[in-house]
Amino acid sequence: MLEPAKPSRSLIAAAGRAIGDFGMIRDGDRVLLGLSGGKDPLSLLHVLLYLQKQAPIRFELAAATVDPCSPEYDPSPLKRYLAELGVPYYYDRQDIVGEAQKALTKDSDSFCAYCSRMRRGILYRIAREQNCNVLALAQHLDDLAETLMMSMFFGGKLRTMQAHYLIDAGDLRVIRPLVYARERQTRDFAHHANLPVISENCPACFAVPTQRFAMKQMLAEQEKTHPKLFASLMTAMKPLMGEPPK
C-alpha cells in the first residue's frame, strides 16, 4: 500500500478553511473526486486523504476519471496509482472531443464549455451509480478569478464558480475545496511530492489561445505590480461563491 503524500501546511489550511466556511463535507458523506490526472485534482486527492485521517468527521472517498478521447491523453496509470493508495477508482471513456468537433469550432471557448458539461454529466452518473452524494472538483482561486474576469468582460455579469451547491436534480452536492488555494500551491506540491501528473492534449485548450488563457496572463501581469491582488479578489468573490446548501 502506498502512503499518501502530505500536502504543505498552507495548502491544507486553505482547503480546510474553505471546507469549513462553506460546510462542504459532512459526517457520513460519500465523496467522489473528479480526477483528470492533472496537478490540481491530484493535489486535492492527497488533501482529502489527509483530512480523512485528521478530521473529526467521517467520510468516504472515491475517484473517477472521464476520458474524453482527446489526442495523447492517457489516464491509464491512474488505475494502478489509486489502487496503491487504496482509493476506489472508476473510469469512463466517451468520445466527447469527437462529438464536440462535429458540433462546434475548436477555436471557440464553447468547445471547452461543451466538454466540461459532458464530463460533469458523466461524473454525476458515476456518483449516483456508486451511491456518492458529493462530487469534489479541483478548481482553485486562480480559476475562480479567471472566471470572474471572463464573466465581466464578455458576459457583463458579476459571476464566478460556486464553492458548494446542490445540483438541480437535488440529489448531489458539488464542492470545490481549493477555492482559497492558489495554483502555484498545487503546482509546487505536485512537483515536490512527485505526483504522477497526467498531461492532457486537448485540441481546443492547447492548440489555440483561449479567453481564459488571456485572463490568466492579464492577472499574472497585474499581480507583479499588486502582490495582494488575489487576496483582494478572494474578498470580492466570496459573496459570489454562494451559500452552503441545507
# chains A, B, ... in the order shown; residues from 1 in each chain; ligands from 1
>>> select_by_dssp(residues="region 111-220 of chain A", states="strand (DSSP E)", output="list of chain:residue names")
A:Val134, A:Leu135, A:Ala136, A:His164, A:Tyr165, A:Leu166, A:Arg173, A:Val174, A:Ile175
>>> residues_around(residues="region 2-6 of chain A", least_positions_apart="4", cutoff="12 Å", atoms="only C-alpha atoms", output="PyMOL selection string")
chain A and resi 10-12+42-54+80-87+189-196
>>> residues_around(residues="Gln94 (chain A)", least_positions_apart="5", cutoff="8 Å", atoms="only C-alpha atoms", output="VMD selection string")
chain A and resid 66 to 69
>>> closest_residue(among="A:Lys216, A:Lys102, A:Arg176, A:Arg125", to="Thr147 (chain A)", atoms="only C-alpha atoms")
A:Lys216
>>> residues_around(residues="Ile96 (chain A)", least_positions_apart="3", cutoff="9 Å", atoms="only C-alpha atoms", output="ChimeraX atom specification")
/A:67-70,93,99-101,114-115,118-119
>>> select_by_dssp(residues="region 23-183 of chain A", states="helix (DSSP H, G or I)", output="short mmCIF file (atom, residue, chain, number, x, y, z; two decimals) with C-alpha atoms, in the first residue's frame")
data_model
loop_
_atom_site.label_atom_id
_atom_site.label_comp_id
_atom_site.auth_asym_id
_atom_site.auth_seq_id
_atom_site.Cartn_x
_atom_site.Cartn_y
_atom_site.Cartn_z
CA LYS A 39 -1.81 18.62 -10.77
CA ASP A 40 -4.89 20.22 -9.21
CA PRO A 41 -7.13 17.13 -8.76
CA LEU A 42 -4.13 15.00 -7.74
CA SER A 43 -3.26 17.60 -5.11
CA LEU A 44 -6.88 17.64 -3.94
CA LEU A 45 -6.82 13.84 -3.74
CA HIS A 46 -3.98 13.97 -1.22
CA VAL A 47 -5.57 16.86 0.69
CA LEU A 48 -8.77 14.83 1.10
CA LEU A 49 -6.84 11.71 2.09
CA TYR A 50 -5.03 13.73 4.74
CA LEU A 51 -8.24 15.28 6.04
CA GLN A 52 -9.94 11.89 6.04
CA LYS A 53 -7.45 10.80 8.70
CA GLN A 54 -7.37 14.05 10.66
CA PRO A 77 -1.57 4.97 -14.95
CA LEU A 78 -4.16 6.38 -12.56
CA LYS A 79 -5.76 2.96 -12.11
CA ARG A 80 -2.66 1.46 -10.54
CA TYR A 81 -1.87 4.60 -8.57
CA LEU A 82 -5.33 4.76 -6.96
CA ALA A 83 -5.17 1.03 -6.23
CA GLU A 84 -1.85 1.53 -4.43
CA LEU A 85 -3.42 4.32 -2.38
CA ILE A 96 -16.64 13.86 -26.15
CA VAL A 97 -13.94 15.58 -28.22
CA GLY A 98 -15.15 13.90 -31.40
CA GLU A 99 -18.75 14.88 -30.65
CA ALA A 100 -17.70 18.48 -29.95
CA GLN A 101 -15.67 18.71 -33.16
CA LYS A 102 -18.75 17.78 -35.16
CA ALA A 103 -20.93 20.39 -33.49
CA ASP A 109 -14.43 28.68 -25.92
CA SER A 110 -17.79 26.95 -26.39
CA PHE A 111 -15.76 23.82 -27.23
CA CYS A 112 -14.36 23.79 -23.68
CA ALA A 113 -17.78 24.56 -22.20
CA TYR A 114 -19.34 21.66 -24.11
CA CYS A 115 -16.63 19.24 -22.96
CA SER A 116 -16.96 20.44 -19.38
CA ARG A 117 -20.73 19.96 -19.36
CA MET A 118 -20.44 16.47 -20.81
CA ARG A 119 -17.77 15.42 -18.33
CA ARG A 120 -19.82 16.81 -15.46
CA GLY A 121 -22.88 14.84 -16.53
CA ILE A 122 -20.88 11.62 -16.66
CA LEU A 123 -19.44 12.30 -13.21
CA TYR A 124 -22.97 12.84 -11.89
CA ARG A 125 -23.96 9.45 -13.30
CA ILE A 126 -20.94 7.70 -11.78
CA ALA A 127 -21.61 9.34 -8.41
CA ARG A 128 -25.19 8.09 -8.45
CA GLU A 129 -24.16 4.60 -9.54
CA LEU A 141 -8.65 30.58 -6.62
CA ASP A 142 -6.90 31.34 -9.91
CA ASP A 143 -9.67 29.53 -11.80
CA LEU A 144 -12.35 31.49 -9.97
CA ALA A 145 -10.60 34.80 -10.65
CA GLU A 146 -10.27 33.99 -14.35
CA THR A 147 -13.95 33.02 -14.48
CA LEU A 148 -14.91 36.31 -12.82
CA MET A 149 -12.90 38.32 -15.35
CA MET A 150 -14.39 36.41 -18.27
CA SER A 151 -17.90 36.88 -16.94
CA MET A 152 -17.43 40.63 -16.55
CA PHE A 153 -15.52 41.21 -19.79
CA PHE A 154 -17.59 39.04 -22.10
CA GLY A 155 -20.89 38.45 -20.29
CA GLU A 183 -2.49 27.36 -8.50
#
>>> atom_distance(atom1="CA of Ser36 (chain A)", atom2="CA of Glu72 (chain A)")
13.4 Å
>>> closest_residue(among="A:Ile19, A:Ile167, A:Ile198, A:Ile25", to="Thr65 (chain A)", atoms="only C-alpha atoms")
A:Ile198
>>> atom_distance(atom1="CA of Gln185 (chain A)", atom2="CA of Ser199 (chain A)")
18.2 Å
>>> closest_residue(among="A:Arg159, A:Arg212, A:Arg9, A:Arg182", to="Ala231 (chain A)", atoms="only C-alpha atoms")
A:Arg182
